[in-house]
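Q: Quick one: the structure is below, and I'll ask about it shortly.
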Amino acid sequence: MSSKLTWLDIRALGEARAAIVQEALHHRVDALVADDPADLADLPPTVTKVLLLQGKPLPEQFGDATVVIVDPVKHGVTPAELAIKHPEIEFGRFVEIIDAPTLEDACESSRTEKWSVLLFRDPTKIPLEIVIAAAARATGSMVTIAQDLEEAEILFGVLEHGSDGVMMAPKGVGDTAELKRIAEAGIPNLNLTELRVVETSHIGMGERACVDTTTHFGEDEGILVGSHSKGMILCVSETHPLPYMPTRPFRVNAGAIHSYTLGKDERTNYLSELKTGSKLTAVDIKGNTRLVTVGRVKIETRPLISIDAEAPDGRRVNLILQDDWHVRVLGPGGVVLNSTELKPGDTVLGYLPVEDRHVGYPIDEFCLEK
């Protein structure tokens, strides 16, 4: 799980500044940004001290700043020239993108500078997409200015890669904690386990959920589903050819509506409570994860089949699926297994969370599920 950079703009915070700075230090933001060297004095070495000279002249001294961001056009000097005079400081470039020439300046800065701080005036994210693509092989870092938390979340996700970091001026205490949470919203990869099928049974009619997402799944990718919070099986999407119908690579025929699946922030959700806009954890056979968005959930009455599987340590896992040949799960190496053809001794891939759950959140307490 990788974390994006969080830069907190403290240039115009007023009376709340001291409290917000303390919150920023507590939540370990990556950098505090000021336009006066005096405002960076006495900050601990755990935070990067950034001097952003946006609209201000170049000072004689940079004080305790460890990173200085300049505008070469307005200051008449480049980051490279400053770096020669001040080798102990890292320098970067500020670019305000308002038209095609400044967009090209941003692309060039992102390709060549150690630090690029970008301010996009156009509300569309297409210019940022262009800069991210232009800097795909660059070694420097791009920090984009966000006006609020909602924009920050979008900036982190543009073109799936997103900006390397976001700089934001908080509106009050609490915004810093939320910005840090958004930056760390990536989800950890999972250790999948091989489970041995021990029993299958046809259990009659019930409601099952087809989960249609807003993404294409890979052929070795799906979502984890199980009757109990401590064991789930990897259900594959409809990416593999089927007789009588086209593939639907955005869909997982996931299981009975009571089942758990993994959502955002390691929380489980019932299939029955998913809806448009819900977030789910997609998982491939190697345990790599990503968040996907639900576009639609179809709940319909269908015949159901119950599958019991056992982990090497003896833990049992149950999954109830639609009793139909085209509903499938994944085995080792990405082998696709039709639910109706599973038999004792077959091997499926699963996940064994160690925590119990309370309203979907992991919690260390006694909980017996049967």
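Order determines the names: the first chain of the structure tokens is A, the second B, and so forth; residues in each chain are numbered 1 upward, and ligands are numbered 1 upward as they are shown.
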I'd like the contact shell of range 216-223 of chain A - 10 Å cut-off, only C-alpha atoms, skipping same-chain residues fewer than 6 positions apart - returned as an MDAnalysis selection string.
A: chainID A and resid 232:240 248:254 261:263 280:289 292 329:336
Q: Considering only C-alpha atoms, give me a table of residues in range 290-324 of chain A that are at most 9 Å from range 344-350 of chain A, with the closest atom pair and distance in Å for each, as a tab-separated table.
A:
residue	atom	partner	partner_atom	distance
A:Asp308	CA	A:Pro344	CA	9.0
A:Ala309	CA	A:Val348	CA	8.0
A:Ala311	CA	A:Gly350	CA	8.7
A:Val317	CA	A:Gly350	CA	8.4
Q: Tell me which protein, DNA and RNA residues are within 7 Å of range 84-93 of chain A, counting only C-alpha atoms, leaving out same-chain ones fewer than 5 positions away, and put them as a PyMOL selection string.
A: chain A and resi 66-71+79+109+113-117
Q: Mind the document's chain letters and residue numbers, and return as a PyMOL selection string the residues of range 13-166 of chain A that DSSP labels strand (DSSP E).
A: chain A and resi 31-34+48-52+67-70+90-97+115-120+141-146+165-166
Q: Which polymer residues have any atom within 10 Å of an atom of His326 in chain A, counting only C-alpha atoms, with same-chain residues fewer than 6 positions away left out, as a PDB file with all heavy atoms, in the first residue's frame?
A:
ATOM      1  N   GLU A 238     -17.519 -12.229 -14.767  1.00  0.00           N
ATOM      2  CA  GLU A 238     -17.957 -12.877 -16.002  1.00  0.00           C
ATOM      3  C   GLU A 238     -17.070 -12.437 -17.169  1.00  0.00           C
ATOM      4  O   GLU A 238     -17.543 -11.962 -18.198  1.00  0.00           O
ATOM      5  CB  GLU A 238     -19.425 -12.588 -16.257  1.00  0.00           C
ATOM      6  CG  GLU A 238     -20.321 -13.195 -15.173  1.00  0.00           C
ATOM      7  CD  GLU A 238     -21.809 -13.030 -15.459  1.00  0.00           C
ATOM      8  OE1 GLU A 238     -22.155 -12.558 -16.561  1.00  0.00           O
ATOM      9  OE2 GLU A 238     -22.612 -13.368 -14.570  1.00  0.00           O
ATOM     10  N   HIS A 240     -14.893 -14.642 -18.536  1.00  0.00           N
ATOM     11  CA  HIS A 240     -14.582 -15.842 -19.314  1.00  0.00           C
ATOM     12  C   HIS A 240     -15.788 -16.220 -20.183  1.00  0.00           C
ATOM     13  O   HIS A 240     -16.941 -16.089 -19.757  1.00  0.00           O
ATOM     14  CB  HIS A 240     -14.212 -16.988 -18.372  1.00  0.00           C
ATOM     15  CG  HIS A 240     -12.982 -16.688 -17.558  1.00  0.00           C
ATOM     16  ND1 HIS A 240     -11.715 -16.997 -17.981  1.00  0.00           N
ATOM     17  CD2 HIS A 240     -12.842 -16.081 -16.353  1.00  0.00           C
ATOM     18  CE1 HIS A 240     -10.841 -16.602 -17.068  1.00  0.00           C
ATOM     19  NE2 HIS A 240     -11.496 -16.048 -16.074  1.00  0.00           N
ATOM     20  N   PRO A 241     -15.536 -16.709 -21.398  1.00  0.00           N
ATOM     21  CA  PRO A 241     -16.633 -16.998 -22.329  1.00  0.00           C
ATOM     22  C   PRO A 241     -17.664 -17.956 -21.747  1.00  0.00           C
ATOM     23  O   PRO A 241     -17.338 -18.881 -20.993  1.00  0.00           O
ATOM     24  CB  PRO A 241     -15.915 -17.618 -23.532  1.00  0.00           C
ATOM     25  CG  PRO A 241     -14.526 -17.078 -23.458  1.00  0.00           C
ATOM     26  CD  PRO A 241     -14.221 -16.958 -21.989  1.00  0.00           C
ATOM     27  N   LEU A 242     -18.914 -17.712 -22.113  1.00  0.00           N
ATOM     28  CA  LEU A 242     -20.036 -18.542 -21.685  1.00  0.00           C
ATOM     29  C   LEU A 242     -20.863 -18.929 -22.902  1.00  0.00           C
ATOM     30  O   LEU A 242     -20.958 -18.148 -23.855  1.00  0.00           O
ATOM     31  CB  LEU A 242     -20.927 -17.778 -20.705  1.00  0.00           C
ATOM     32  CG  LEU A 242     -20.330 -17.427 -19.341  1.00  0.00           C
ATOM     33  CD1 LEU A 242     -21.176 -16.361 -18.665  1.00  0.00           C
ATOM     34  CD2 LEU A 242     -20.262 -18.668 -18.471  1.00  0.00           C
ATOM     35  N   PRO A 243     -21.478 -20.096 -22.873  1.00  0.00           N
ATOM     36  CA  PRO A 243     -22.414 -20.424 -23.961  1.00  0.00           C
ATOM     37  C   PRO A 243     -23.695 -19.604 -23.805  1.00  0.00           C
ATOM     38  O   PRO A 243     -24.081 -19.228 -22.696  1.00  0.00           O
ATOM     39  CB  PRO A 243     -22.683 -21.913 -23.744  1.00  0.00           C
ATOM     40  CG  PRO A 243     -22.419 -22.148 -22.294  1.00  0.00           C
ATOM     41  CD  PRO A 243     -21.329 -21.194 -21.900  1.00  0.00           C
ATOM     42  N   ASN A 253     -21.283 -12.505 -10.370  1.00  0.00           N
ATOM     43  CA  ASN A 253     -22.438 -13.185  -9.789  1.00  0.00           C
ATOM     44  C   ASN A 253     -21.962 -13.687  -8.428  1.00  0.00           C
ATOM     45  O   ASN A 253     -21.339 -14.734  -8.311  1.00  0.00           O
ATOM     46  CB  ASN A 253     -22.875 -14.340 -10.693  1.00  0.00           C
ATOM     47  CG  ASN A 253     -24.228 -14.887 -10.292  1.00  0.00           C
ATOM     48  OD1 ASN A 253     -24.522 -15.026  -9.103  1.00  0.00           O
ATOM     49  ND2 ASN A 253     -25.048 -15.217 -11.273  1.00  0.00           N
ATOM     50  N   LEU A 337     -13.443 -22.436 -11.958  1.00  0.00           N
ATOM     51  CA  LEU A 337     -14.202 -23.591 -11.486  1.00  0.00           C
ATOM     52  C   LEU A 337     -15.689 -23.272 -11.465  1.00  0.00           C
ATOM     53  O   LEU A 337     -16.125 -22.331 -10.804  1.00  0.00           O
ATOM     54  CB  LEU A 337     -13.729 -23.984 -10.081  1.00  0.00           C
ATOM     55  CG  LEU A 337     -12.223 -24.304  -9.959  1.00  0.00           C
ATOM     56  CD1 LEU A 337     -11.802 -24.329  -8.501  1.00  0.00           C
ATOM     57  CD2 LEU A 337     -11.910 -25.616 -10.644  1.00  0.00           C
ATOM     58  N   ASN A 338     -16.473 -24.050 -12.195  1.00  0.00           N
ATOM     59  CA  ASN A 338     -17.921 -23.856 -12.219  1.00  0.00           C
ATOM     60  C   ASN A 338     -18.532 -24.351 -10.918  1.00  0.00           C
ATOM     61  O   ASN A 338     -18.211 -25.446 -10.440  1.00  0.00           O
ATOM     62  CB  ASN A 338     -18.535 -24.616 -13.400  1.00  0.00           C
ATOM     63  CG  ASN A 338     -17.910 -24.187 -14.720  1.00  0.00           C
ATOM     64  OD1 ASN A 338     -17.756 -22.997 -14.971  1.00  0.00           O
ATOM     65  ND2 ASN A 338     -17.532 -25.146 -15.543  1.00  0.00           N
ATOM     66  N   SER A 339     -19.417 -23.554 -10.349  1.00  0.00           N
ATOM     67  CA  SER A 339     -19.946 -23.867  -9.018  1.00  0.00           C
ATOM     68  C   SER A 339     -20.657 -25.215  -8.976  1.00  0.00           C
ATOM     69  O   SER A 339     -20.512 -25.971  -8.007  1.00  0.00           O
ATOM     70  CB  SER A 339     -20.901 -22.762  -8.561  1.00  0.00           C
ATOM     71  OG  SER A 339     -22.035 -22.686  -9.405  1.00  0.00           O
ATOM     72  N   THR A 340     -21.389 -25.552 -10.009  1.00  0.00           N
ATOM     73  CA  THR A 340     -22.165 -26.789  -9.992  1.00  0.00           C
ATOM     74  C   THR A 340     -21.302 -28.032 -10.177  1.00  0.00           C
ATOM     75  O   THR A 340     -21.755 -29.153  -9.947  1.00  0.00           O
ATOM     76  CB  THR A 340     -23.239 -26.767 -11.096  1.00  0.00           C
ATOM     77  OG1 THR A 340     -22.601 -26.490 -12.345  1.00  0.00           O
ATOM     78  CG2 THR A 340     -24.279 -25.698 -10.823  1.00  0.00           C
TER      79      THR A 340
END
Q: Report, in Å to a single decimal, how far apart CA of Thr6 in chain A and CA of Pro37 in chain A are.
A: 19.9 Å
Q: Which of these, A:Leu271, A:Val95, A:Val29, A:Ala134, has the shortest distance to Val73 in chain A once you count only C-alpha atoms?
A: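 Counting only C-alpha atoms, the residue closest to Val73 in chain A is A:Val95.
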Q: Measure the distance from CA of Asp175 in chain A to CA of Thr46 in chain A in Å and round it to one decimal.
A: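 So the answer is 19.9 Å.
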Q: If you run DSSP on the backbone here, which positions in range 57-306 of chain A get alpha helix (DSSP H)? Please write them as a PyMOL selection string.
A: chain A and resi 72-75+79-85+100-112+126-134+149-157+175-183
Q: Which residue gives the smallest distance to Val21 in chain A among A:Gln147, A:Glu273, A:Thr176, A:Pro57, with only C-alpha atoms counted?
A: A:Thr176
Q: Any idea what the distance is between CA of Asp122 in chain A and CA of Ser141 in chain A?
A: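 Computing it gives 21.3 Å between the two atoms.
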Q: Would you mind listing what lies within 6 Å of range 298-304 of chain A as number ranges by chain, with only C-alpha atoms counted and same-chain residues fewer than 4 positions away left out?
A: A: 203-210, 321-323
Q: Could you pull the residues within 6 Å of Gly295 in chain A, counting only C-alpha atoms, minus those fewer than 5 positions along the same chain, as a PyMOL selection string?
A: chain A and resi 212-214+276
Q: Just the selected residues (N, CA and C atoms), exported as an mmCIF file, in the first residue's frame, please.
A:
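Heads up, here's the output in again_20.cif:
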data_model
loop_
_atom_site.group_PDB
_atom_site.id
_atom_site.type_symbol
_atom_site.label_atom_id
_atom_site.label_comp_id
_atom_site.auth_asym_id
_atom_site.auth_seq_id
_atom_site.Cartn_x
_atom_site.Cartn_y
_atom_site.Cartn_z
ATOM 1 N N ASP A 212 -22.722 -5.464 -10.423
ATOM 2 C CA ASP A 212 -22.190 -4.843 -11.634
ATOM 3 C C ASP A 212 -21.375 -3.619 -11.226
ATOM 4 N N THR A 213 -20.117 -3.593 -11.628
ATOM 5 C CA THR A 213 -19.230 -2.502 -11.243
ATOM 6 C C THR A 213 -18.967 -1.571 -12.424
ATOM 7 N N THR A 214 -18.259 -0.499 -12.155
ATOM 8 C CA THR A 214 -17.937 0.468 -13.204
ATOM 9 C C THR A 214 -16.537 0.230 -13.773
ATOM 10 N N THR A 276 -25.540 1.584 -5.895
ATOM 11 C CA THR A 276 -24.772 2.445 -6.775
ATOM 12 C C THR A 276 -23.867 3.366 -5.970
#
Q: Would you pick out the contacts of Met168 in chain A at 6 Å or less, using only C-alpha atoms, so that residues sharing its chain but fewer than 4 positions from it are not included, and give the list as a VMD selection string?
A: chain A and resid 8 to 9 145 to 146
